[in-house]
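Single-structure report; data block below.
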Amino acid sequence: MSEIKKAEKIAGVKGMNDLLPDDAPLWELFENTVQSVLKSYGFQQVRTPIVEPTNLFARGLGEVTDVVEKEMYSFEDSMNGDKLTLRPEGTAGVVRSAIEHNLIYDGPRRLWYTGPMFRHEKPQRGRYRQFHQVGAEALGFTGPDIDAELIMMCQRFWDDLGLQNVRLELNSIGDAEERNQHKAALIAYFEQHQDILDAEAKRRLLTNPLRILDTKNPAMQEMVNAAPKLLDYLGAESLAHFEGVQKILRHNSIPFTINPRLVRGLDYYNRTVFEWVTDDLGSQGTVCAGGRYDALFGIFGGKPTPACGFAMGIERLLELMKANGDVHQPAMCDAYLVHQGAEAQMQAMVLSERLRDAGLDVVLHCATANGVGSFKSQMKKADGSGAAYAVIIGEDEANNNTVSIKELRAADAENNQVNVPFDTAVDYLVDQIAGSADADCCDDPHHHHVHH
């Protein structure tokens, strides 16, 4: 008989990563922190599909942007021939949804979203083909006040996440007419310096000359630095709006630098643009980018609606949290239940449910292929779980209707085990844990308090 062939292993898709259990607490800490800040500013969550019609992005992002030209995961639905795309960013979908469901007919909305985005680019540290973003979109507000509020909300994220070295760069890219005048001046200027332009720049001169300002080519830097500045082409209204944003930020002690080279690759931005950058991640400096996009509703066939927002890359910010050091990793549970014998197992099941009723996180030791395991091996598991207490029911305890409770993190490891009646075990543990939470509440804001 032929040997049974071992099935071949299947690996994940390149650049799309598994979020493993050891990293989950950090993701949760990040998501919970950001969510509570968004809520404190009155933002409501919106969840849009991961797949959108391809033309949503082609129209919204502009045909000649890098994203649309070479980074989108687009495909034809084999069932009905629809042309679909995995979303490369979140704003287009949110605006599509706002128009489709008439979300702002009774006034402006503050919305936020989170979830995976997809771009087919070269995977590198902190940049993946499936990556995650949190974004906020303020729809229907015209003034500089909302631009400033979004920026101040970002500052609150960094403070609450304990991120130090994140700084704000600010610019205004004016309105379409002002940009067109600047673009014409730019093209004329670059044409005078044809001899310095590299191949990439020559291609961009025909499609999107603004992108030449982004060049990393040292040979072109000096020429690019002397190029006409958009700020010199702004009219009175755009300048007043930009001044308004700066005034609020100064008044609230939010430091920033004006970076006249800060532009957007996407066609729909206008006026305020901003980026939060860091030097702690090597060359990949931007952790959050945003700005105003008053034209997008019109491009998508909706009523003209002013809008402003930002998006941030979660993976990159988690890298930054790790780089900033002290990331608090919460324990997996409060109590780990150890038991030996059939009767003890039954009691352990009952007790673990009662402890959960009282608001504790409990891991109950369960059997594997090798059976339930010895006391010693179970205690090792209890220790490894990070639990504060091991709750032990052996044959003696089962017969006497008692429970042994061992403190696993005590300084004096000798006399830290007590025996209590089965029916008082829940109250005893809750008191112990609530007591210790009160004692160290000030060091550790993330410990969840027991809810009775």
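Residues in the structure tokens are numbered from 1 in each chain, the chains being A, B, ... in the order shown, and ligands are numbered from 1 in the order shown.
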Query - Those of segment 116-237 of chain A in DSSP strand (DSSP E or B), formatted as a list in words - result: Pro116, Met117, Phe118, Gln124, Arg127, Gln130, Phe131, His132, Gln133, Val134, Gly135, Ala136, Glu137, Ala138, Leu139, Arg167, Leu168, Glu169, Leu170, Asn171 and Ser172 of chain A
Residues of the last selection are to be written out with N, CA and C atoms, as a short mmCIF file (atom, residue, chain, number, x, y, z; two decimals), in the first residue's frame.
```cif
data_model
loop_
_atom_site.label_atom_id
_atom_site.label_comp_id
_atom_site.auth_asym_id
_atom_site.auth_seq_id
_atom_site.Cartn_x
_atom_site.Cartn_y
_atom_site.Cartn_z
N PRO A 116 -9.38 46.98 8.44
CA PRO A 116 -8.28 46.69 7.52
C PRO A 116 -8.41 47.45 6.20
N MET A 117 -7.26 47.85 5.65
CA MET A 117 -7.14 48.45 4.32
C MET A 117 -6.15 47.59 3.53
N PHE A 118 -6.19 47.69 2.20
CA PHE A 118 -5.38 46.79 1.38
C PHE A 118 -4.64 47.56 0.29
N GLN A 124 7.14 46.26 4.10
CA GLN A 124 8.32 46.63 4.89
C GLN A 124 7.86 46.87 6.32
N ARG A 127 4.63 48.58 7.42
CA ARG A 127 3.80 48.84 6.23
C ARG A 127 3.51 47.50 5.55
N GLN A 130 -2.05 44.08 3.94
CA GLN A 130 -3.27 44.31 4.72
C GLN A 130 -2.81 45.03 5.98
N PHE A 131 -3.27 46.26 6.14
CA PHE A 131 -2.88 47.04 7.32
C PHE A 131 -4.15 47.63 7.91
N HIS A 132 -4.04 48.16 9.10
CA HIS A 132 -5.25 48.62 9.80
C HIS A 132 -5.17 50.12 10.08
N GLN A 133 -6.29 50.78 9.95
CA GLN A 133 -6.33 52.21 10.21
C GLN A 133 -7.46 52.57 11.15
N VAL A 134 -7.27 53.67 11.86
CA VAL A 134 -8.38 54.34 12.53
C VAL A 134 -8.48 55.69 11.86
N GLY A 135 -9.70 56.10 11.53
CA GLY A 135 -9.86 57.40 10.90
C GLY A 135 -11.08 58.12 11.45
N ALA A 136 -11.05 59.44 11.35
CA ALA A 136 -12.20 60.24 11.77
C ALA A 136 -12.55 61.19 10.64
N GLU A 137 -13.84 61.39 10.41
CA GLU A 137 -14.30 62.28 9.35
C GLU A 137 -15.36 63.21 9.96
N ALA A 138 -15.13 64.51 9.87
CA ALA A 138 -16.12 65.49 10.35
C ALA A 138 -16.80 66.07 9.12
N LEU A 139 -18.08 65.76 8.95
CA LEU A 139 -18.78 66.10 7.71
C LEU A 139 -19.78 67.24 7.94
N ARG A 167 5.43 64.82 16.21
CA ARG A 167 5.28 66.27 16.03
C ARG A 167 4.39 66.59 14.83
N LEU A 168 3.81 67.78 14.88
CA LEU A 168 2.79 68.17 13.90
C LEU A 168 3.38 69.07 12.81
N GLU A 169 3.11 68.68 11.55
CA GLU A 169 3.45 69.55 10.41
C GLU A 169 2.15 69.98 9.75
N LEU A 170 2.11 71.24 9.34
CA LEU A 170 0.86 71.86 8.90
C LEU A 170 1.11 72.61 7.60
N ASN A 171 0.09 72.65 6.74
CA ASN A 171 0.19 73.44 5.53
C ASN A 171 -1.22 73.73 5.04
N SER A 172 -1.33 74.66 4.11
CA SER A 172 -2.61 74.85 3.42
C SER A 172 -2.36 74.69 1.95
#
```
At a cut-off of 9 Å, can you tabulate as JSON lines every residue of segment 244-344 of chain A near segment 213-224 of chain A together with its closest atom pair and the distance in Å to one decimal, using only C-alpha atoms and ordering rows by chain then number?
```
{"residue": "A:Arg261", "atom": "CA", "partner": "A:Leu213", "partner_atom": "CA", "distance": 6.6}
{"residue": "A:Leu262", "atom": "CA", "partner": "A:Asp214", "partner_atom": "CA", "distance": 8.4}
{"residue": "A:Val263", "atom": "CA", "partner": "A:Asp214", "partner_atom": "CA", "distance": 8.2}
```
Requested in this report: Find the distance between atom CA of Phe297 of chain A and atom CA of Trp276 of chain A and write it in Å to one decimal.
Outcome: 25.5 Å
Requested in this report: Find, counting only C-alpha atoms, the residue in A:Gly174, A:Gly298, A:Gly285, A:Gly341 that gets nearest to Pro260 of chain A.
Outcome: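 The closest residue to Pro260 of chain A is A:Gly174.
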Query raised in the report: Skipping near chain neighbours, those fewer than 6 positions away, what residues fall within 8 Å of Ala348 of chain A using only C-alpha atoms, listed as an NGL selection string?
Result: :A and (337-339 or 364 or 393)
Report summary line: One residue among A:Gln246, A:Asp106, A:Ser374, A:Arg264 is nearest to Arg211 of chain A when using only C-alpha atoms, and that residue is A:Arg264
Query - Surrounding residues of Glu395 of chain A excluding itself and chain neighbours under 4 positions, 10 Å, only C-alpha atoms, as a ChimeraX atom specification - result: /A:339-345,399-401
Please produce a file of those selected residues containing all heavy atoms, as a PDB file, in the first residue's frame.
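The result, stored in part-v8.pdb:
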```pdb
ATOM      1  N   HIS A 339      -7.628  21.526  39.547  1.00  0.00           N
ATOM      2  CA  HIS A 339      -8.467  20.509  40.212  1.00  0.00           C
ATOM      3  C   HIS A 339      -7.920  19.110  39.936  1.00  0.00           C
ATOM      4  O   HIS A 339      -7.203  18.885  38.953  1.00  0.00           O
ATOM      5  CB  HIS A 339      -9.912  20.610  39.711  1.00  0.00           C
ATOM      6  CG  HIS A 339     -10.006  20.562  38.207  1.00  0.00           C
ATOM      7  ND1 HIS A 339     -10.072  19.378  37.510  1.00  0.00           N
ATOM      8  CD2 HIS A 339     -10.020  21.550  37.284  1.00  0.00           C
ATOM      9  CE1 HIS A 339     -10.120  19.638  36.208  1.00  0.00           C
ATOM     10  NE2 HIS A 339     -10.094  20.956  36.043  1.00  0.00           N
ATOM     11  N   GLN A 340      -8.275  18.156  40.851  1.00  0.00           N
ATOM     12  CA  GLN A 340      -7.826  16.775  40.684  1.00  0.00           C
ATOM     13  C   GLN A 340      -8.950  15.846  41.121  1.00  0.00           C
ATOM     14  O   GLN A 340      -9.464  15.975  42.236  1.00  0.00           O
ATOM     15  CB  GLN A 340      -6.583  16.529  41.563  1.00  0.00           C
ATOM     16  CG  GLN A 340      -5.734  15.375  41.076  1.00  0.00           C
ATOM     17  CD  GLN A 340      -4.812  15.772  39.919  1.00  0.00           C
ATOM     18  OE1 GLN A 340      -4.140  16.762  39.981  1.00  0.00           O
ATOM     19  NE2 GLN A 340      -4.809  14.994  38.857  1.00  0.00           N
ATOM     20  N   GLY A 341      -9.352  14.956  40.232  1.00  0.00           N
ATOM     21  CA  GLY A 341     -10.413  14.007  40.572  1.00  0.00           C
ATOM     22  C   GLY A 341     -11.745  14.425  39.962  1.00  0.00           C
ATOM     23  O   GLY A 341     -11.990  15.605  39.695  1.00  0.00           O
ATOM     24  N   ALA A 342     -12.637  13.421  39.764  1.00  0.00           N
ATOM     25  CA  ALA A 342     -13.904  13.659  39.063  1.00  0.00           C
ATOM     26  C   ALA A 342     -14.812  14.616  39.827  1.00  0.00           C
ATOM     27  O   ALA A 342     -15.391  15.543  39.254  1.00  0.00           O
ATOM     28  CB  ALA A 342     -14.618  12.327  38.840  1.00  0.00           C
ATOM     29  N   GLU A 343     -14.946  14.397  41.149  1.00  0.00           N
ATOM     30  CA  GLU A 343     -15.823  15.236  41.972  1.00  0.00           C
ATOM     31  C   GLU A 343     -15.291  16.671  41.991  1.00  0.00           C
ATOM     32  O   GLU A 343     -16.047  17.639  41.847  1.00  0.00           O
ATOM     33  CB  GLU A 343     -15.881  14.651  43.394  1.00  0.00           C
ATOM     34  CG  GLU A 343     -16.776  15.410  44.372  1.00  0.00           C
ATOM     35  CD  GLU A 343     -18.211  15.605  43.865  1.00  0.00           C
ATOM     36  OE1 GLU A 343     -18.735  14.719  43.142  1.00  0.00           O
ATOM     37  OE2 GLU A 343     -18.784  16.664  44.183  1.00  0.00           O
ATOM     38  N   ALA A 344     -13.968  16.801  42.135  1.00  0.00           N
ATOM     39  CA  ALA A 344     -13.328  18.124  42.169  1.00  0.00           C
ATOM     40  C   ALA A 344     -13.569  18.871  40.863  1.00  0.00           C
ATOM     41  O   ALA A 344     -13.832  20.077  40.855  1.00  0.00           O
ATOM     42  CB  ALA A 344     -11.829  17.973  42.423  1.00  0.00           C
ATOM     43  N   GLN A 345     -13.526  18.130  39.749  1.00  0.00           N
ATOM     44  CA  GLN A 345     -13.725  18.781  38.452  1.00  0.00           C
ATOM     45  C   GLN A 345     -15.134  19.392  38.353  1.00  0.00           C
ATOM     46  O   GLN A 345     -15.314  20.512  37.895  1.00  0.00           O
ATOM     47  CB  GLN A 345     -13.515  17.768  37.312  1.00  0.00           C
ATOM     48  CG  GLN A 345     -13.655  18.411  35.945  1.00  0.00           C
ATOM     49  CD  GLN A 345     -13.593  17.409  34.814  1.00  0.00           C
ATOM     50  OE1 GLN A 345     -13.977  16.244  34.982  1.00  0.00           O
ATOM     51  NE2 GLN A 345     -13.120  17.845  33.663  1.00  0.00           N
ATOM     52  N   ASN A 399     -14.072  16.656  49.222  1.00  0.00           N
ATOM     53  CA  ASN A 399     -14.760  15.935  50.301  1.00  0.00           C
ATOM     54  C   ASN A 399     -15.204  16.862  51.425  1.00  0.00           C
ATOM     55  O   ASN A 399     -16.245  16.650  52.040  1.00  0.00           O
ATOM     56  CB  ASN A 399     -13.852  14.838  50.862  1.00  0.00           C
ATOM     57  CG  ASN A 399     -13.598  13.755  49.811  1.00  0.00           C
ATOM     58  OD1 ASN A 399     -14.422  13.568  48.905  1.00  0.00           O
ATOM     59  ND2 ASN A 399     -12.469  13.080  49.902  1.00  0.00           N
ATOM     60  N   ASN A 400     -14.391  17.889  51.706  1.00  0.00           N
ATOM     61  CA  ASN A 400     -14.699  18.789  52.829  1.00  0.00           C
ATOM     62  C   ASN A 400     -15.486  20.025  52.423  1.00  0.00           C
ATOM     63  O   ASN A 400     -15.731  20.899  53.252  1.00  0.00           O
ATOM     64  CB  ASN A 400     -13.397  19.273  53.500  1.00  0.00           C
ATOM     65  CG  ASN A 400     -12.562  18.094  53.966  1.00  0.00           C
ATOM     66  OD1 ASN A 400     -13.120  17.043  54.317  1.00  0.00           O
ATOM     67  ND2 ASN A 400     -11.247  18.238  53.939  1.00  0.00           N
ATOM     68  N   ASN A 401     -15.809  20.115  51.111  1.00  0.00           N
ATOM     69  CA  ASN A 401     -16.540  21.282  50.629  1.00  0.00           C
ATOM     70  C   ASN A 401     -15.776  22.579  50.911  1.00  0.00           C
ATOM     71  O   ASN A 401     -16.345  23.557  51.383  1.00  0.00           O
ATOM     72  CB  ASN A 401     -17.938  21.325  51.259  1.00  0.00           C
ATOM     73  CG  ASN A 401     -18.968  21.734  50.207  1.00  0.00           C
ATOM     74  OD1 ASN A 401     -18.621  21.874  49.031  1.00  0.00           O
ATOM     75  ND2 ASN A 401     -20.191  21.917  50.609  1.00  0.00           N
TER      76      ASN A 401
END
```
Contacts of Lys83 of chain A within 7 Å, only C-alpha atoms, excl. fewer than 5 positions in-chain, as an mmCIF file with C-alpha atoms, in the first residue's frame:
```
data_model
loop_
_atom_site.group_PDB
_atom_site.id
_atom_site.type_symbol
_atom_site.label_atom_id
_atom_site.label_comp_id
_atom_site.auth_asym_id
_atom_site.auth_seq_id
_atom_site.Cartn_x
_atom_site.Cartn_y
_atom_site.Cartn_z
ATOM 1 C CA PRO A 53 -17.016 49.386 -6.541
ATOM 2 C CA THR A 54 -13.667 50.006 -8.276
ATOM 3 C CA PHE A 75 -10.959 42.076 -9.411
ATOM 4 C CA GLU A 76 -14.020 41.139 -11.365
ATOM 5 C CA ASP A 77 -16.778 39.320 -9.487
#
```
Requested in this report: Please provide the set of residues having any atom within 7 Å of Asn270 of chain A, restricted to only C-alpha atoms, with same-chain residues fewer than 5 positions apart removed, written as a list in words.
Outcome: Ile173, Gly174, Asp175, Arg292, Tyr293 and Asp294 of chain A
Query raised in the report: What separation in Å, quoted to one decimal, exists between atom CA of Pro144 of chain A and atom CA of Gly244 of chain A?
Result: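 Atom CA of Gly244 of chain A lies 5.6 Å from atom CA of Pro144 of chain A.
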Report summary line: What separates atom CA of Glu353 of chain A and atom CA of Asp23 of chain A is a distance of 27.1 Å
DSSP on the backbone: which residues in segment 201-391 of chain A end up as alpha helix (DSSP H)? Give the answer as a compact mmCIF listing (two decimals) with N, CA, C and O atoms, in the first residue's frame.
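Just written: out_0.txt:
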```txt
# COMPACT_ATOMS: atom_id res chain seq x y z
N ALA A 201 10.60 62.10 -12.39
CA ALA A 201 10.11 63.48 -12.36
C ALA A 201 9.56 63.89 -13.72
O ALA A 201 8.55 64.59 -13.82
N LYS A 202 10.24 63.45 -14.79
CA LYS A 202 9.76 63.79 -16.14
C LYS A 202 8.39 63.17 -16.39
O LYS A 202 7.52 63.78 -17.02
N ARG A 203 8.20 61.94 -15.89
CA ARG A 203 6.89 61.29 -16.05
C ARG A 203 5.84 62.07 -15.25
O ARG A 203 4.74 62.32 -15.73
N ARG A 204 6.20 62.46 -14.05
CA ARG A 204 5.25 63.16 -13.18
C ARG A 204 4.93 64.57 -13.71
O ARG A 204 3.85 65.10 -13.44
N LEU A 205 5.86 65.16 -14.44
CA LEU A 205 5.64 66.49 -14.98
C LEU A 205 4.39 66.51 -15.86
O LEU A 205 3.65 67.48 -15.91
N LEU A 206 4.15 65.38 -16.54
CA LEU A 206 2.99 65.28 -17.43
C LEU A 206 1.72 64.90 -16.67
O LEU A 206 0.62 65.28 -17.07
N THR A 207 1.86 64.13 -15.58
CA THR A 207 0.66 63.61 -14.91
C THR A 207 0.34 64.39 -13.64
O THR A 207 -0.79 64.86 -13.47
N PRO A 218 18.67 63.33 -4.13
CA PRO A 218 19.50 64.44 -3.60
C PRO A 218 19.89 65.44 -4.69
O PRO A 218 19.99 66.64 -4.43
N ALA A 219 20.07 64.95 -5.93
CA ALA A 219 20.51 65.83 -7.02
C ALA A 219 19.46 66.89 -7.36
O ALA A 219 19.77 67.92 -7.94
N MET A 220 18.20 66.61 -6.97
CA MET A 220 17.12 67.53 -7.33
C MET A 220 16.71 68.44 -6.16
O MET A 220 15.92 69.37 -6.34
N GLN A 221 17.21 68.16 -4.95
CA GLN A 221 16.71 68.85 -3.76
C GLN A 221 16.80 70.37 -3.85
O GLN A 221 15.84 71.08 -3.58
N GLU A 222 17.96 70.87 -4.25
CA GLU A 222 18.17 72.31 -4.24
C GLU A 222 17.20 73.00 -5.21
O GLU A 222 16.57 74.01 -4.88
N MET A 223 17.05 72.41 -6.39
CA MET A 223 16.14 72.96 -7.40
C MET A 223 14.70 72.93 -6.89
O MET A 223 13.95 73.91 -7.03
N VAL A 224 14.33 71.81 -6.26
CA VAL A 224 12.95 71.66 -5.75
C VAL A 224 12.68 72.66 -4.61
O VAL A 224 11.60 73.24 -4.53
N ASN A 225 13.67 72.87 -3.75
CA ASN A 225 13.48 73.80 -2.63
C ASN A 225 13.21 75.22 -3.10
O ASN A 225 12.56 76.00 -2.40
N ALA A 236 -7.39 85.49 -0.16
CA ALA A 236 -7.72 86.00 1.18
C ALA A 236 -8.49 84.99 2.02
O ALA A 236 -8.19 84.78 3.20
N GLU A 237 -9.47 84.29 1.41
CA GLU A 237 -10.29 83.35 2.19
C GLU A 237 -9.46 82.17 2.69
O GLU A 237 -9.54 81.79 3.85
N SER A 238 -8.68 81.59 1.79
CA SER A 238 -7.84 80.44 2.17
C SER A 238 -6.85 80.84 3.26
O SER A 238 -6.62 80.09 4.22
N LEU A 239 -6.26 82.03 3.12
CA LEU A 239 -5.29 82.49 4.12
C LEU A 239 -5.96 82.70 5.47
O LEU A 239 -5.40 82.34 6.51
N ALA A 240 -7.17 83.27 5.46
CA ALA A 240 -7.88 83.52 6.72
C ALA A 240 -8.21 82.20 7.41
O ALA A 240 -8.08 82.07 8.64
N HIS A 241 -8.61 81.19 6.62
CA HIS A 241 -8.93 79.87 7.18
C HIS A 241 -7.67 79.28 7.83
O HIS A 241 -7.71 78.78 8.97
N PHE A 242 -6.56 79.34 7.12
CA PHE A 242 -5.30 78.78 7.61
C PHE A 242 -4.85 79.49 8.88
O PHE A 242 -4.42 78.87 9.85
N GLU A 243 -5.00 80.81 8.88
CA GLU A 243 -4.62 81.60 10.06
C GLU A 243 -5.51 81.22 11.24
O GLU A 243 -5.05 81.11 12.38
N GLY A 244 -6.79 80.96 10.96
CA GLY A 244 -7.74 80.57 12.01
C GLY A 244 -7.35 79.26 12.68
O GLY A 244 -7.42 79.12 13.91
N VAL A 245 -6.92 78.29 11.87
CA VAL A 245 -6.48 77.00 12.43
C VAL A 245 -5.27 77.22 13.34
O VAL A 245 -5.23 76.74 14.48
N GLN A 246 -4.29 77.98 12.85
CA GLN A 246 -3.07 78.22 13.62
C GLN A 246 -3.36 78.93 14.94
O GLN A 246 -2.77 78.61 15.98
N LYS A 247 -4.28 79.87 14.89
CA LYS A 247 -4.61 80.67 16.07
C LYS A 247 -5.14 79.77 17.19
O LYS A 247 -4.73 79.88 18.35
N ILE A 248 -6.08 78.86 16.82
CA ILE A 248 -6.66 77.95 17.83
C ILE A 248 -5.57 77.03 18.40
O ILE A 248 -5.50 76.80 19.61
N LEU A 249 -4.70 76.51 17.53
CA LEU A 249 -3.65 75.60 17.99
C LEU A 249 -2.70 76.32 18.95
O LEU A 249 -2.33 75.79 19.99
N ARG A 250 -2.32 77.54 18.59
CA ARG A 250 -1.42 78.31 19.48
C ARG A 250 -2.09 78.56 20.82
O ARG A 250 -1.48 78.40 21.88
N HIS A 251 -3.37 78.94 20.76
CA HIS A 251 -4.12 79.25 21.98
C HIS A 251 -4.20 78.03 22.90
O HIS A 251 -4.31 78.16 24.11
N LEU A 296 -14.96 66.37 -2.24
CA LEU A 296 -15.22 64.94 -2.47
C LEU A 296 -16.70 64.61 -2.62
O LEU A 296 -17.08 63.79 -3.45
N PHE A 297 -17.55 65.24 -1.83
CA PHE A 297 -18.99 64.95 -1.93
C PHE A 297 -19.49 65.23 -3.35
O PHE A 297 -20.25 64.46 -3.92
N GLY A 298 -19.03 66.35 -3.92
CA GLY A 298 -19.43 66.70 -5.29
C GLY A 298 -18.92 65.69 -6.30
O GLY A 298 -19.65 65.30 -7.23
N ILE A 299 -17.67 65.24 -6.13
CA ILE A 299 -17.09 64.25 -7.05
C ILE A 299 -17.92 62.96 -7.05
O ILE A 299 -18.06 62.29 -8.06
N ILE A 314 -2.44 51.80 12.35
CA ILE A 314 -2.34 51.19 13.68
C ILE A 314 -1.01 50.46 13.86
O ILE A 314 -0.32 50.64 14.87
N GLU A 315 -0.61 49.65 12.86
CA GLU A 315 0.65 48.89 13.01
C GLU A 315 1.80 49.82 13.32
O GLU A 315 2.66 49.53 14.17
N ARG A 316 1.84 50.95 12.61
CA ARG A 316 2.95 51.87 12.80
C ARG A 316 2.94 52.49 14.19
O ARG A 316 3.99 52.69 14.80
N LEU A 317 1.74 52.80 14.68
CA LEU A 317 1.65 53.38 16.02
C LEU A 317 1.99 52.36 17.10
O LEU A 317 2.58 52.70 18.13
N LEU A 318 1.66 51.08 16.86
CA LEU A 318 2.04 50.04 17.83
C LEU A 318 3.56 49.90 17.87
O LEU A 318 4.14 49.72 18.94
N GLU A 319 4.21 50.00 16.69
CA GLU A 319 5.69 49.97 16.65
C GLU A 319 6.23 51.10 17.53
O GLU A 319 7.19 50.93 18.27
N LEU A 320 5.58 52.25 17.41
CA LEU A 320 6.01 53.42 18.16
C LEU A 320 5.81 53.22 19.66
O LEU A 320 6.65 53.59 20.48
N MET A 321 4.66 52.60 20.03
CA MET A 321 4.41 52.32 21.45
C MET A 321 5.49 51.39 22.00
O MET A 321 5.99 51.58 23.10
N LYS A 322 5.86 50.39 21.18
CA LYS A 322 6.91 49.46 21.63
C LYS A 322 8.24 50.20 21.75
O LYS A 322 9.00 49.98 22.69
N ALA A 323 8.52 51.08 20.78
CA ALA A 323 9.79 51.83 20.79
C ALA A 323 9.85 52.77 21.99
O ALA A 323 10.92 53.03 22.53
N ALA A 342 -12.64 13.42 39.76
CA ALA A 342 -13.90 13.66 39.06
C ALA A 342 -14.81 14.62 39.83
O ALA A 342 -15.39 15.54 39.25
N GLU A 343 -14.95 14.40 41.15
CA GLU A 343 -15.82 15.24 41.97
C GLU A 343 -15.29 16.67 41.99
O GLU A 343 -16.05 17.64 41.85
N ALA A 344 -13.97 16.80 42.14
CA ALA A 344 -13.33 18.12 42.17
C ALA A 344 -13.57 18.87 40.86
O ALA A 344 -13.83 20.08 40.85
N GLN A 345 -13.53 18.13 39.75
CA GLN A 345 -13.72 18.78 38.45
C GLN A 345 -15.13 19.39 38.35
O GLN A 345 -15.31 20.51 37.89
N MET A 346 -16.12 18.63 38.86
CA MET A 346 -17.49 19.13 38.83
C MET A 346 -17.61 20.43 39.65
O MET A 346 -18.23 21.40 39.22
N GLN A 347 -17.00 20.41 40.84
CA GLN A 347 -17.07 21.60 41.71
C GLN A 347 -16.33 22.78 41.07
O GLN A 347 -16.77 23.93 41.16
N ALA A 348 -15.19 22.48 40.43
CA ALA A 348 -14.40 23.54 39.79
C ALA A 348 -15.21 24.22 38.69
O ALA A 348 -15.16 25.45 38.52
N MET A 349 -15.97 23.42 37.94
CA MET A 349 -16.82 23.97 36.88
C MET A 349 -17.85 24.96 37.47
O MET A 349 -18.05 26.05 36.95
N VAL A 350 -18.48 24.54 38.56
CA VAL A 350 -19.50 25.39 39.20
C VAL A 350 -18.86 26.68 39.72
O VAL A 350 -19.35 27.79 39.49
N LEU A 351 -17.72 26.51 40.42
CA LEU A 351 -17.07 27.67 41.03
C LEU A 351 -16.59 28.67 39.98
O LEU A 351 -16.74 29.89 40.14
N SER A 352 -16.04 28.16 38.86
CA SER A 352 -15.53 29.08 37.85
C SER A 352 -16.67 29.93 37.27
O SER A 352 -16.50 31.12 37.02
N GLU A 353 -17.85 29.31 37.09
CA GLU A 353 -19.00 30.09 36.60
C GLU A 353 -19.42 31.15 37.61
O GLU A 353 -19.73 32.29 37.25
N ARG A 354 -19.40 30.79 38.90
CA ARG A 354 -19.79 31.77 39.93
C ARG A 354 -18.81 32.93 39.98
O ARG A 354 -19.20 34.07 40.19
N LEU A 355 -17.52 32.62 39.80
CA LEU A 355 -16.51 33.68 39.81
C LEU A 355 -16.72 34.62 38.62
O LEU A 355 -16.58 35.84 38.73
N ARG A 356 -17.06 34.04 37.47
CA ARG A 356 -17.33 34.90 36.30
C ARG A 356 -18.58 35.74 36.52
O ARG A 356 -18.64 36.90 36.10
N ASP A 357 -19.59 35.16 37.20
CA ASP A 357 -20.79 35.94 37.53
C ASP A 357 -20.42 37.17 38.35
O ASP A 357 -21.05 38.20 38.25
N PHE A 375 -0.95 17.83 39.69
CA PHE A 375 -1.05 19.12 40.38
C PHE A 375 0.11 20.03 39.97
O PHE A 375 -0.07 21.20 39.69
N LYS A 376 1.30 19.42 39.94
CA LYS A 376 2.51 20.21 39.67
C LYS A 376 2.42 20.86 38.29
O LYS A 376 2.68 22.07 38.14
N SER A 377 2.03 20.07 37.30
CA SER A 377 1.98 20.64 35.94
C SER A 377 0.86 21.68 35.83
O SER A 377 1.00 22.69 35.14
N GLN A 378 -0.24 21.45 36.57
CA GLN A 378 -1.34 22.42 36.54
C GLN A 378 -0.90 23.74 37.20
O GLN A 378 -1.24 24.83 36.72
N MET A 379 -0.17 23.62 38.31
CA MET A 379 0.30 24.84 39.01
C MET A 379 1.26 25.64 38.12
O MET A 379 1.29 26.87 38.15
N LYS A 380 2.03 24.93 37.31
CA LYS A 380 2.94 25.60 36.38
C LYS A 380 2.14 26.43 35.37
O LYS A 380 2.47 27.56 35.04
N LYS A 381 1.06 25.82 34.89
CA LYS A 381 0.16 26.51 33.96
C LYS A 381 -0.47 27.74 34.62
O LYS A 381 -0.61 28.80 34.02
N ALA A 382 -0.86 27.56 35.90
CA ALA A 382 -1.48 28.67 36.63
C ALA A 382 -0.50 29.85 36.71
O ALA A 382 -0.87 31.01 36.48
N ASP A 383 0.75 29.52 37.00
CA ASP A 383 1.78 30.54 37.12
C ASP A 383 1.98 31.26 35.79
O ASP A 383 2.09 32.47 35.73
N GLY A 384 2.02 30.47 34.73
CA GLY A 384 2.26 31.01 33.39
C GLY A 384 1.13 31.88 32.88
O GLY A 384 1.32 32.70 31.98
```
Requested in this report: Would you kindly return, as a list of chain:residue names, each protein, DNA or RNA residue with an atom no farther than 12 Å from any atom of Ala176 of chain A, considering only C-alpha atoms and excluding same-chain residues fewer than 3 positions away?
Outcome: A:Ser172, A:Ile173, A:Arg179, A:Asn180, A:Gln181, A:His182, A:Lys183, A:Leu230, A:Tyr233, A:Leu234, A:Gly235, A:Ser238, A:Asp267, A:Tyr268, A:Tyr269, A:Asn270, A:Arg271, A:Tyr293, A:Asp294, A:Ala295
Query raised in the report: When distances are computed from only C-alpha atoms, which of A:Phe310, A:Phe274, A:Phe190, A:Tyr73 shows the smallest separation from Arg119 of chain A?
Result: A:Tyr73
